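**Q** I have a structure I would like to understand better, so I am pasting it below and will then ask my questions one at a time.
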Protein chains: 2
Amino acid sequence: MTRAAAAPAGSVGVVSPTDLHFADPLALASGAQLAGYDLRYETYGTLNADRSNAVLICHALNASHHVAGTYADQPRSAGWWDNMVGPGKPIDTRRFFVIGVNNLGSCFGSTGPKSIDPATGRPYGASFPVITVEDWVTAQARLCDTLGIVRLAAVVGGSLGGMQALSWAIQYPERIGHCVAIATTPRLSAQNIAFNDVARTAIQSDPDFHGGDYYAHGVVPRRGLSVARMIGHITYLSGDDMTERFGRSLRTEDYAFGYGAEFEVESYLRYQGDKFSEYFDANTYLLITRALDYFDPARGYDGDLVRALQPAAARFLLVSFATDWRFAPARTREIVAALIANGREVSYAEIDAPHGHDAFLLDDARYHKLVAAYFDGIFQGLPGRATPAGSGGGAR
Amino acid sequence: MTRAAAAPAGSVGVVSPTDLHFADPLALASGAQLAGYDLRYETYGTLNADRSNAVLICHALNASHHVAGTYADQPRSAGWWDNMVGPGKPIDTRRFFVIGVNNLGSCFGSTGPKSIDPATGRPYGASFPVITVEDWVTAQARLCDTLGIVRLAAVVGGSLGGMQALSWAIQYPERIGHCVAIATTPRLSAQNIAFNDVARTAIQSDPDFHGGDYYAHGVVPRRGLSVARMIGHITYLSGDDMTERFGRSLRTEDYAFGYGAEFEVESYLRYQGDKFSEYFDANTYLLITRALDYFDPARGYDGDLVRALQPAAARFLLVSFATDWRFAPARTREIVAALIANGREVSYAEIDAPHGHDAFLLDDARYHKLVAAYFDGIFQGLPGRATPAGSGGGAR
């Protein structure tokens with residue numbers, strides 16, 4: 001743990017994404033198939049000689065391949081996990097070759113509903129197939145193939161990203177050394193699905209949605225998308241955190257006796273909704289929330305998560321946050337219990353952070369120290385390194 | 001407690017509402033005034049000779065004056081609290097004269113946004129003033145005046161109805177013997193306000209809303225209202241209750257790989273939303289959620305609830321439900337603590353019911369026994385009755 005003292009934690013600096021075209025069709029869980037597709041990705045750090053230090057970062061709902069660093073001439077374009085990934089940061093790019101990839105169906109460069117369908121010359125829109133977590137993982141594995149990476153040192157993700165990390169451990173047990181799944185769940189609850197469905201209903205009932213083919217009409221279902229984001233946003237924060245940040249503070253001096261945004265929390269949420277609706281694609285919102293709904297690895301085993309996780313061979317770090325009511329610690333503990341029942345090596349931490357589900361993205365010293373220590377163990381255990389006796393590869 | 005054994009609990013039978021016009025203007029908290037207005041109300045049971053047995057029931061967001069009984073030729077029109085109010089029921093209409101009143105701004109007969117403004121001959125729409133909990137209580141007090149009731153034996157309400165009961169205790173301490181406030185809170189939290197605001201945003205951003213004057217366009221912002229109701233509905237149920245009732249059950253045999261309602265919980269919520277949007281007025285939804293947001297009796301006392309409740313002279317029954325995350329037990333305990341600090345007599349019960357906020361409307365034996373016992377005490381303590389020594393008037 002002298003690593004952090006060796007140099008101040010910094011940024012990976014200016015980065016740029018790469019687009020890769022895959023000509024081989026991708027068979028999807030739905031039975032549909034994608035004839036060909038592009039994946040946009042970024043990498044930070046250097047792949048070592050034996051290609052053993054690659055770490056894949058999986059993104060959640062509204063993020064992308066742009067995990068760390070900034071884009072040239074866009075100083076405020078820091079990646080969504082820039083506090084976690086970089087030189088001297090918990091996932092240290094001086095040690096690891098880190099890959100961020102935009103998932104299929106997203107709207108930040110990889111093929112998705114707003115992409116042009118080569119078969120028609122028009123955007124896919126409603127015809128874009130539903131994609132599952134498992135499909136994403138398959139596509140990510142193909143990206144790794146192309147990059148010449150047979151085995152990943154680790155797959156890491158929070159929330160929906162954690163589901164992908166878990167799915168990697170099940171789908172490609174031989175290709176992943178460590179699975180780091182943060183603020184996640186083995187399946188959505190009825191309440192989780194309900195929130196997703198209200199968000200989808202808001203989008204679908206916006207007259208500008210046009211059944212998903214709004215691109216042709218030159219409009220965007222912005223109102224529905226904004227409401228969807230507002231709903232989601234409430235579930236990312238803890239009630240106490242909202243009280244702490246906004247309380248009942250007014251933007252106006254006194255009650256205005258109207259229906260505009262006069263409480264600070266209203267103004268904040270409406271702003272978040274509007275901002276989101278300007279850059280996010282509504283069809284992608286439907287697709288990604290559905291992928292969340294569908295994720296349920298135990299489904300093929302009569303709900304038995306122990307059997308679902310039987311193929312997994314990785315070592316695991318699982319992290320949950322005490323005030324996360326979206327994916328509460330009890331949900332992660334289900335995963336921990338199922339892994340232990342399978343005899344897997346598991347580190348589990350429940351961080352007493354006040355920030356709800358969003359905590360996985362925030363800079364909490366205890367959380368970051370834990371991830372740093374775990375990745376230090378991964379680094380010490382990389383093939384080709386002299387592993388100090390007893391270090392074992394984990395931060396247990 | 002031999003009362004319940006005396007006769008089987010029954011219905012008040014066929015009832016009908018009464019409309020009462022008030023010609024005196026009503027000055028509102030907003031500074032606006034309502035020139036004249038109608039209140040629709042129902043009564044059950046008989047007012048005793050000294051007019052001391054009247055109980056006022058205050059309704060929450062989507063309910064009305066129709067508390068108990070059914071309407072002729074509408075056998076499925078049971079009142080919203082028919083399990084609580086009736087002969088032999090916890091609030092026993094053989095003993096009490098029970099009044100249900102539709103609040104100003106609502107859409108079930110009392111003057112509200114969809115009523116015709118006599119000044120213009122058109123519906124009030126967006127010009128209808130914002131009404132507060134305190135305004136409702138003032139209007140309810142005028143109704144009592146008209147009915148010749150100087151002092152109410154009790155004011156009772158759940159959720160927003162509980163806020164009205166509390167406000168009665170503060171505004172008219174000499175006119176209320178008991179305050180029964182169930183599943184309520186002394187003020188909405190930032191999260192509560194946030195959910196209300198998303199609902200309002202969904203309504204306001206529906207193109208059929210027309211700034212609140214949709215009546216003139218012959219349309220109703222049904223889509224927005226439906227989404228608003230779906231959001232609200234999620235907050236009325238506990239997460240565990242939703243898991244119990246719906247889990248991840250599908251209406252389809254397998255995943256349909258689309259964005260329709262295929263999980264049972266989706267189907268249920270969309271149905272609830274659609275049904276609601278057919279009978280409820282969107283402007284009323286804005287108005288009532290704003291009344292919820294604004295309620296904060298401690299606001300005029302630097303947030304000091306003890307001082308806010310100082311005028312109260314009633315005896316209190318407060319009830320909360322363990323799984324109510326909308327208005328959690330801790331919020332009711334704040335009220336209890338403030339009342340005790342004022343030396344008031346308070347009975348408080350926290351019912352371990354699984355049904356979240358909705359529990360206040362449901363038929364839970366422990367809850368109903370408690371309310372029955374409390375009202376038995378009220379009855380025994382009515383003026384003109386020989387009060388058995390030590391019965392005191394409460395169920396403590």
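Ordering of the structure tokens sets the chain letters (A, B, ...), residue numbers begin anew at 1 in every chain, and ligands are numbered from 1 in the order given.
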Give the residues of chain A that lie within 9 Å of chain B; count only C-alpha atoms, and format the answer as a VMD selection string.

**A** chain A and resid 29 to 30 129 to 131 188 to 195 197 to 202 205 to 207 223 to 224 227 to 228 230 to 231 234 237 to 240 242 to 249 255 to 261 263 to 266 269 to 270 286 to 287 290 293 to 294

**Q** Please return as a count of residues only: the residues of region 158-324 of chain A that backbone DSSP assigns to alpha helix (DSSP H).

**A** 82

**Q** Please superimpose chain B upon chain A, fitting all C-alpha atoms matched one to one in order, and report the result as a compact mmCIF listing (two decimals) with C-alpha atoms, in the first residue's frame.

**A**
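The resulting file, part.txt, is reproduced below:
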```
# COMPACT_ATOMS: atom_id res chain seq x y z
CA MET B 1 -0.16 -0.03 0.07
CA THR B 2 2.79 2.29 -0.57
CA ARG B 3 1.52 2.69 -4.11
CA ALA B 4 -0.69 5.70 -3.43
CA ALA B 5 2.21 7.50 -1.78
CA ALA B 6 4.49 6.96 -4.77
CA ALA B 7 2.83 9.61 -6.93
CA PRO B 8 -0.20 11.86 -6.64
CA ALA B 9 -3.32 10.39 -8.20
CA GLY B 10 -3.85 11.91 -11.59
CA SER B 11 -5.82 11.80 -14.77
CA VAL B 12 -5.18 9.54 -17.73
CA GLY B 13 -5.17 12.82 -19.65
CA VAL B 14 -6.56 13.41 -23.09
CA VAL B 15 -8.17 10.33 -24.57
CA SER B 16 -10.04 9.45 -27.72
CA PRO B 17 -12.40 6.62 -28.56
CA THR B 18 -11.99 3.95 -31.20
CA ASP B 19 -14.75 2.45 -33.34
CA LEU B 20 -14.52 -1.17 -34.27
CA HIS B 21 -16.80 -2.84 -36.79
CA PHE B 22 -17.87 -6.43 -36.29
CA ALA B 23 -19.05 -8.07 -39.48
CA ASP B 24 -19.99 -11.43 -37.93
CA PRO B 25 -23.66 -11.53 -36.98
CA LEU B 26 -24.48 -11.59 -33.28
CA ALA B 27 -27.18 -14.03 -32.18
CA LEU B 28 -29.17 -12.45 -29.37
CA ALA B 29 -30.98 -13.94 -26.39
CA SER B 30 -34.27 -12.82 -27.92
CA GLY B 31 -33.72 -15.06 -30.94
CA ALA B 32 -33.13 -12.04 -33.15
CA GLN B 33 -29.74 -11.39 -34.64
CA LEU B 34 -27.71 -8.31 -35.38
CA ALA B 35 -26.20 -8.64 -38.84
CA GLY B 36 -23.18 -6.49 -38.06
CA TYR B 37 -22.42 -3.78 -35.56
CA ASP B 38 -19.93 -1.24 -34.27
CA LEU B 39 -18.55 -0.98 -30.77
CA ARG B 40 -16.99 2.23 -29.52
CA TYR B 41 -14.38 1.82 -26.83
CA GLU B 42 -11.50 3.55 -25.05
CA THR B 43 -8.42 2.15 -23.37
CA TYR B 44 -6.10 3.59 -20.74
CA GLY B 45 -2.71 2.29 -19.64
CA THR B 46 -0.61 -0.31 -21.40
CA LEU B 47 -1.30 -3.95 -22.10
CA ASN B 48 1.61 -5.90 -20.65
CA ALA B 49 3.67 -8.40 -22.63
CA ASP B 50 1.68 -11.46 -21.58
CA ARG B 51 -1.61 -9.57 -21.99
CA SER B 52 -2.64 -10.40 -18.44
CA ASN B 53 -3.34 -6.94 -16.99
CA ALA B 54 -6.54 -5.98 -18.82
CA VAL B 55 -9.49 -4.71 -16.80
CA LEU B 56 -12.87 -4.26 -18.41
CA ILE B 57 -15.19 -1.58 -17.00
CA CYS B 58 -18.89 -2.10 -17.69
CA HIS B 59 -21.21 0.89 -17.66
CA ALA B 60 -24.67 1.36 -16.20
CA LEU B 61 -27.74 3.08 -17.62
CA ASN B 62 -26.57 6.46 -18.82
CA ALA B 63 -22.81 6.10 -19.05
CA SER B 64 -20.53 5.00 -21.85
CA HIS B 65 -17.07 3.86 -22.95
CA HIS B 66 -15.74 7.20 -21.72
CA VAL B 67 -14.66 6.05 -18.27
CA ALA B 68 -11.66 8.28 -17.59
CA GLY B 69 -9.69 11.21 -18.94
CA THR B 70 -10.95 14.09 -20.99
CA TYR B 71 -11.41 14.84 -24.66
CA ALA B 72 -9.15 17.37 -26.37
CA ASP B 73 -10.60 20.89 -26.23
CA GLN B 74 -13.34 19.70 -23.83
CA PRO B 75 -11.80 20.23 -20.39
CA ARG B 76 -15.11 19.44 -18.66
CA SER B 77 -15.51 16.10 -20.39
CA ALA B 78 -14.06 13.93 -17.61
CA GLY B 79 -15.06 10.27 -17.88
CA TRP B 80 -17.86 8.97 -15.66
CA TRP B 81 -15.51 7.04 -13.35
CA ASP B 82 -12.54 9.37 -13.51
CA ASN B 83 -12.24 9.30 -9.72
CA MET B 84 -11.74 5.51 -9.83
CA VAL B 85 -9.58 4.99 -12.91
CA GLY B 86 -6.25 6.71 -13.57
CA PRO B 87 -2.61 6.81 -12.55
CA GLY B 88 -2.48 6.36 -8.78
CA LYS B 89 -6.21 5.84 -8.55
CA PRO B 90 -7.89 2.71 -7.16
CA ILE B 91 -7.87 1.10 -10.60
CA ASP B 92 -4.36 2.23 -11.42
CA THR B 93 -3.65 2.74 -15.11
CA ARG B 94 0.11 2.52 -14.43
CA ARG B 95 -0.52 -1.12 -13.62
CA PHE B 96 -3.60 -2.08 -15.60
CA PHE B 97 -4.75 -1.82 -19.18
CA VAL B 98 -8.29 -0.53 -18.70
CA ILE B 99 -11.00 -0.92 -21.33
CA GLY B 100 -14.26 1.04 -21.42
CA VAL B 101 -16.83 -0.01 -24.01
CA ASN B 102 -20.16 1.48 -25.01
CA ASN B 103 -22.77 -1.25 -24.98
CA LEU B 104 -24.89 -2.30 -27.93
CA GLY B 105 -28.17 -0.42 -27.97
CA SER B 106 -26.69 2.60 -26.26
CA CYS B 107 -26.49 6.00 -27.93
CA PHE B 108 -22.87 7.03 -27.53
CA GLY B 109 -21.25 5.50 -30.59
CA SER B 110 -21.93 1.78 -30.54
CA THR B 111 -24.73 0.48 -32.73
CA GLY B 112 -28.12 1.26 -31.24
CA PRO B 113 -31.68 2.29 -32.12
CA LYS B 114 -30.62 5.65 -33.51
CA SER B 115 -27.97 4.07 -35.79
CA ILE B 116 -28.68 3.60 -39.46
CA ASP B 117 -29.88 0.10 -40.28
CA PRO B 118 -27.82 -0.84 -43.35
CA ALA B 119 -30.74 -2.96 -44.55
CA THR B 120 -33.07 0.05 -44.86
CA GLY B 121 -30.83 3.11 -44.85
CA ARG B 122 -32.94 4.54 -42.01
CA PRO B 123 -32.50 4.53 -38.22
CA TYR B 124 -33.42 1.23 -36.59
CA GLY B 125 -35.86 2.92 -34.20
CA ALA B 126 -38.48 0.50 -32.96
CA SER B 127 -36.99 -2.31 -35.05
CA PHE B 128 -33.80 -2.42 -33.01
CA PRO B 129 -33.81 -5.70 -31.10
CA VAL B 130 -34.01 -5.95 -27.32
CA ILE B 131 -30.53 -6.61 -25.94
CA THR B 132 -29.81 -8.45 -22.70
CA VAL B 133 -26.97 -8.27 -20.22
CA GLU B 134 -25.77 -11.60 -21.57
CA ASP B 135 -25.75 -10.19 -25.13
CA TRP B 136 -23.62 -7.27 -23.98
CA VAL B 137 -21.16 -9.62 -22.36
CA THR B 138 -20.93 -11.70 -25.54
CA ALA B 139 -20.20 -8.55 -27.55
CA GLN B 140 -17.63 -7.43 -24.97
CA ALA B 141 -15.92 -10.83 -25.21
CA ARG B 142 -15.66 -10.40 -28.98
CA LEU B 143 -14.06 -7.02 -28.42
CA CYS B 144 -11.52 -8.68 -26.12
CA ASP B 145 -10.85 -11.29 -28.81
CA THR B 146 -10.11 -8.53 -31.27
CA LEU B 147 -7.80 -6.84 -28.78
CA GLY B 148 -5.98 -10.14 -28.30
CA ILE B 149 -7.04 -10.51 -24.70
CA VAL B 150 -7.85 -14.09 -23.83
CA ARG B 151 -8.28 -13.55 -20.11
CA LEU B 152 -9.22 -10.39 -18.24
CA ALA B 153 -7.55 -9.65 -14.93
CA ALA B 154 -10.90 -8.26 -13.78
CA VAL B 155 -14.31 -7.20 -14.95
CA VAL B 156 -15.70 -4.31 -12.93
CA GLY B 157 -19.05 -2.59 -12.83
CA GLY B 158 -21.56 -0.82 -10.61
CA SER B 159 -25.34 -1.23 -10.75
CA LEU B 160 -26.20 -2.56 -14.23
CA GLY B 161 -22.43 -2.72 -14.76
CA GLY B 162 -22.22 -5.09 -11.80
CA MET B 163 -24.76 -7.35 -13.50
CA GLN B 164 -22.45 -7.52 -16.53
CA ALA B 165 -19.49 -8.37 -14.30
CA LEU B 166 -21.52 -11.20 -12.70
CA SER B 167 -22.61 -12.41 -16.10
CA TRP B 168 -18.98 -12.50 -17.28
CA ALA B 169 -18.18 -14.77 -14.34
CA ILE B 170 -20.97 -17.11 -15.39
CA GLN B 171 -20.65 -16.94 -19.19
CA TYR B 172 -16.85 -16.94 -19.48
CA PRO B 173 -15.50 -18.39 -16.23
CA GLU B 174 -12.13 -19.18 -17.79
CA ARG B 175 -11.69 -15.67 -19.16
CA ILE B 176 -11.99 -13.58 -15.97
CA GLY B 177 -9.68 -13.55 -12.96
CA HIS B 178 -11.72 -11.27 -10.71
CA CYS B 179 -15.30 -10.07 -10.73
CA VAL B 180 -15.88 -6.73 -9.03
CA ALA B 181 -19.60 -6.08 -8.73
CA ILE B 182 -20.71 -2.94 -6.90
CA ALA B 183 -24.17 -1.74 -5.81
CA THR B 184 -25.85 -4.46 -7.79
CA THR B 185 -28.49 -7.15 -7.45
CA PRO B 186 -29.02 -10.69 -8.74
CA ARG B 187 -32.42 -9.56 -10.12
CA LEU B 188 -34.74 -6.55 -10.03
CA SER B 189 -37.56 -6.57 -7.51
CA ALA B 190 -41.16 -5.84 -8.44
CA GLN B 191 -40.64 -2.29 -7.17
CA ASN B 192 -37.52 -1.86 -9.32
CA ILE B 193 -39.43 -3.05 -12.38
CA ALA B 194 -42.33 -0.79 -11.47
CA PHE B 195 -40.12 2.32 -11.47
CA ASN B 196 -38.64 1.27 -14.82
CA ASP B 197 -42.07 0.73 -16.27
CA VAL B 198 -43.39 4.13 -15.18
CA ALA B 199 -40.36 5.68 -16.86
CA ARG B 200 -41.00 3.71 -20.03
CA THR B 201 -44.69 4.59 -19.95
CA ALA B 202 -43.79 8.28 -19.70
CA ILE B 203 -41.63 7.94 -22.82
CA GLN B 204 -44.06 5.76 -24.76
CA SER B 205 -47.01 8.04 -24.04
CA ASP B 206 -45.20 11.16 -25.22
CA PRO B 207 -46.88 12.02 -28.56
CA ASP B 208 -43.40 12.70 -29.96
CA PHE B 209 -42.41 9.08 -29.42
CA HIS B 210 -44.22 7.85 -32.55
CA GLY B 211 -43.93 4.22 -31.50
CA GLY B 212 -40.14 4.54 -31.35
CA ASP B 213 -39.70 5.92 -34.86
CA TYR B 214 -39.47 9.57 -33.88
CA TYR B 215 -36.23 10.07 -35.80
CA ALA B 216 -38.21 10.10 -39.05
CA HIS B 217 -40.45 12.84 -37.65
CA GLY B 218 -37.56 15.08 -36.71
CA VAL B 219 -38.65 15.12 -33.07
CA VAL B 220 -37.57 13.60 -29.79
CA PRO B 221 -39.91 12.53 -26.94
CA ARG B 222 -38.17 14.99 -24.70
CA ARG B 223 -40.95 15.46 -22.16
CA GLY B 224 -41.34 11.75 -21.54
CA LEU B 225 -37.60 11.24 -21.35
CA SER B 226 -37.29 14.07 -18.86
CA VAL B 227 -39.97 12.59 -16.59
CA ALA B 228 -38.31 9.17 -16.91
CA ARG B 229 -35.02 10.63 -15.76
CA MET B 230 -36.62 12.46 -12.84
CA ILE B 231 -38.17 9.21 -11.61
CA GLY B 232 -34.88 7.36 -11.99
CA HIS B 233 -32.96 10.10 -10.27
CA ILE B 234 -35.12 9.92 -7.14
CA THR B 235 -34.28 6.23 -6.84
CA TYR B 236 -30.54 6.88 -7.10
CA LEU B 237 -30.49 9.11 -4.03
CA SER B 238 -31.29 8.19 -0.45
CA GLY B 239 -34.17 9.95 1.26
CA ASP B 240 -31.83 11.24 3.97
CA ASP B 241 -29.39 12.50 1.36
CA MET B 242 -32.17 14.44 -0.35
CA THR B 243 -33.19 15.89 3.00
CA GLU B 244 -29.59 16.85 3.66
CA ARG B 245 -29.08 18.44 0.24
CA PHE B 246 -32.44 20.09 -0.35
CA GLY B 247 -34.66 19.73 2.69
CA ARG B 248 -37.70 21.93 2.16
CA SER B 249 -35.66 24.89 0.91
CA LEU B 250 -37.43 27.22 -1.46
CA ARG B 251 -36.03 29.03 -4.46
CA THR B 252 -38.69 31.65 -3.86
CA GLU B 253 -38.79 33.74 -0.72
CA ASP B 254 -42.12 32.30 0.33
CA TYR B 255 -44.65 29.82 -1.03
CA ALA B 256 -45.58 31.05 -4.51
CA PHE B 257 -48.98 29.31 -4.50
CA GLY B 258 -48.48 27.90 -7.95
CA TYR B 259 -47.32 24.70 -9.60
CA GLY B 260 -43.88 25.69 -10.84
CA ALA B 261 -40.53 24.60 -9.43
CA GLU B 262 -40.34 26.53 -6.17
CA PHE B 263 -38.76 23.96 -3.87
CA GLU B 264 -35.04 23.49 -4.52
CA VAL B 265 -35.55 19.77 -5.00
CA GLU B 266 -38.09 20.43 -7.76
CA SER B 267 -35.75 22.77 -9.55
CA TYR B 268 -32.87 20.30 -9.28
CA LEU B 269 -34.88 17.36 -10.58
CA ARG B 270 -36.44 19.25 -13.46
CA TYR B 271 -33.01 20.50 -14.47
CA GLN B 272 -31.62 16.96 -14.36
CA GLY B 273 -34.54 15.73 -16.44
CA ASP B 274 -34.22 18.45 -19.05
CA LYS B 275 -30.46 18.07 -19.36
CA PHE B 276 -30.76 14.31 -19.77
CA SER B 277 -33.45 14.63 -22.42
CA GLU B 278 -31.08 16.70 -24.53
CA TYR B 279 -28.40 14.04 -24.89
CA PHE B 280 -29.93 10.66 -24.24
CA ASP B 281 -31.88 8.56 -26.72
CA ALA B 282 -35.37 7.52 -25.65
CA ASN B 283 -35.22 4.12 -27.36
CA THR B 284 -31.96 3.44 -25.55
CA TYR B 285 -33.71 4.24 -22.28
CA LEU B 286 -36.35 1.62 -23.03
CA LEU B 287 -33.73 -0.90 -24.08
CA ILE B 288 -31.43 -0.50 -21.12
CA THR B 289 -34.21 -0.51 -18.52
CA ARG B 290 -35.55 -3.69 -20.13
CA ALA B 291 -32.11 -5.28 -19.93
CA LEU B 292 -32.20 -4.46 -16.22
CA ASP B 293 -35.67 -6.01 -15.83
CA TYR B 294 -34.68 -9.20 -17.64
CA PHE B 295 -31.41 -9.85 -15.82
CA ASP B 296 -32.01 -12.87 -13.61
CA PRO B 297 -29.31 -15.52 -13.95
CA ALA B 298 -31.17 -17.81 -11.53
CA ARG B 299 -34.22 -17.84 -13.77
CA GLY B 300 -33.03 -20.87 -15.71
CA TYR B 301 -32.47 -22.72 -12.43
CA ASP B 302 -35.87 -22.40 -10.78
CA GLY B 303 -34.68 -19.25 -9.04
CA ASP B 304 -31.68 -21.03 -7.50
CA LEU B 305 -28.86 -18.50 -7.53
CA VAL B 306 -26.41 -21.04 -6.12
CA ARG B 307 -26.82 -23.22 -9.19
CA ALA B 308 -26.74 -20.19 -11.50
CA LEU B 309 -23.37 -19.16 -10.09
CA GLN B 310 -21.93 -22.69 -10.11
CA PRO B 311 -19.87 -22.15 -13.30
CA ALA B 312 -18.14 -19.07 -11.86
CA ALA B 313 -14.43 -19.56 -11.18
CA ALA B 314 -13.35 -15.96 -10.55
CA ARG B 315 -12.51 -14.36 -7.25
CA PHE B 316 -15.09 -11.81 -6.21
CA LEU B 317 -15.27 -8.39 -4.64
CA LEU B 318 -18.79 -7.27 -3.86
CA VAL B 319 -19.59 -3.86 -2.47
CA SER B 320 -22.92 -2.42 -1.37
CA PHE B 321 -23.95 0.86 0.23
CA ALA B 322 -26.04 1.07 3.39
CA THR B 323 -28.43 3.76 2.13
CA ASP B 324 -28.94 2.29 -1.36
CA TRP B 325 -32.66 1.47 -1.35
CA ARG B 326 -32.71 0.77 -5.08
CA PHE B 327 -30.33 -2.20 -4.81
CA ALA B 328 -30.09 -2.60 -1.05
CA PRO B 329 -27.22 -4.42 0.68
CA ALA B 330 -29.49 -7.42 1.29
CA ARG B 331 -29.55 -8.04 -2.46
CA THR B 332 -25.77 -8.14 -2.67
CA ARG B 333 -25.67 -10.43 0.35
CA GLU B 334 -27.77 -12.90 -1.63
CA ILE B 335 -24.98 -13.02 -4.19
CA VAL B 336 -22.34 -13.36 -1.49
CA ALA B 337 -24.21 -16.25 0.10
CA ALA B 338 -24.63 -18.04 -3.24
CA LEU B 339 -20.94 -17.64 -4.05
CA ILE B 340 -19.90 -18.94 -0.65
CA ALA B 341 -22.23 -21.90 -1.10
CA ASN B 342 -20.24 -22.59 -4.27
CA GLY B 343 -16.96 -22.38 -2.39
CA ARG B 344 -15.84 -19.23 -4.19
CA GLU B 345 -13.46 -16.71 -2.69
CA VAL B 346 -15.49 -13.59 -1.90
CA SER B 347 -14.66 -10.27 -0.34
CA TYR B 348 -17.71 -8.27 0.66
CA ALA B 349 -17.98 -4.78 2.07
CA GLU B 350 -21.01 -2.76 3.02
CA ILE B 351 -20.08 0.90 3.01
CA ASP B 352 -21.99 3.18 5.35
CA ALA B 353 -22.21 5.99 2.79
CA PRO B 354 -25.14 8.42 2.87
CA HIS B 355 -25.56 8.84 -0.88
CA GLY B 356 -27.84 5.96 -1.81
CA HIS B 357 -27.31 4.10 -5.06
CA ASP B 358 -25.26 6.96 -6.49
CA ALA B 359 -22.55 6.24 -3.92
CA PHE B 360 -20.86 3.80 -6.31
CA LEU B 361 -19.91 6.75 -8.53
CA LEU B 362 -18.78 9.06 -5.74
CA ASP B 363 -15.45 9.62 -4.12
CA ASP B 364 -15.73 8.01 -0.69
CA ALA B 365 -12.34 7.39 0.94
CA ARG B 366 -13.31 4.07 2.59
CA TYR B 367 -14.80 2.76 -0.65
CA HIS B 368 -11.86 3.85 -2.78
CA LYS B 369 -9.31 2.47 -0.31
CA LEU B 370 -11.07 -0.85 -0.41
CA VAL B 371 -11.10 -1.02 -4.20
CA ALA B 372 -7.47 0.17 -4.31
CA ALA B 373 -6.40 -2.54 -1.89
CA TYR B 374 -8.28 -5.18 -3.83
CA PHE B 375 -6.66 -4.12 -7.10
CA ASP B 376 -3.29 -4.02 -5.41
CA GLY B 377 -3.89 -7.67 -4.61
CA ILE B 378 -4.87 -8.39 -8.20
CA PHE B 379 -1.71 -6.70 -9.41
CA GLN B 380 0.49 -8.61 -7.00
CA GLY B 381 -1.08 -11.82 -8.22
CA LEU B 382 -0.69 -11.19 -11.95
CA PRO B 383 1.12 -14.01 -13.79
CA GLY B 384 4.78 -13.24 -14.30
CA ARG B 385 5.00 -11.28 -11.05
CA ALA B 386 6.65 -12.72 -7.97
CA THR B 387 3.67 -13.12 -5.67
CA PRO B 388 4.56 -12.37 -2.05
CA ALA B 389 3.67 -15.30 0.15
CA GLY B 390 0.20 -14.96 1.64
CA SER B 391 -0.95 -12.04 -0.48
CA GLY B 392 -3.30 -14.38 -2.29
CA GLY B 393 -4.81 -11.85 -4.65
CA GLY B 394 -7.52 -10.31 -2.55
CA ALA B 395 -8.05 -7.69 0.11
CA ARG B 396 -9.75 -10.00 2.54
```

**Q** Write out as a list in words all residues of region 101-270 of chain B that backbone DSSP assigns to strand (DSSP E).

**A**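 Everything in region 101-270 of chain B that counts as strand (DSSP E) is Val101, Ile116, Asp117, Arg122, Pro123, Leu152, Ala153, Ala154, Val155, Val156, Gly157, Gly158, Ile176, Gly177, His178, Cys179, Val180, Ala181 and Ile182 of chain B.
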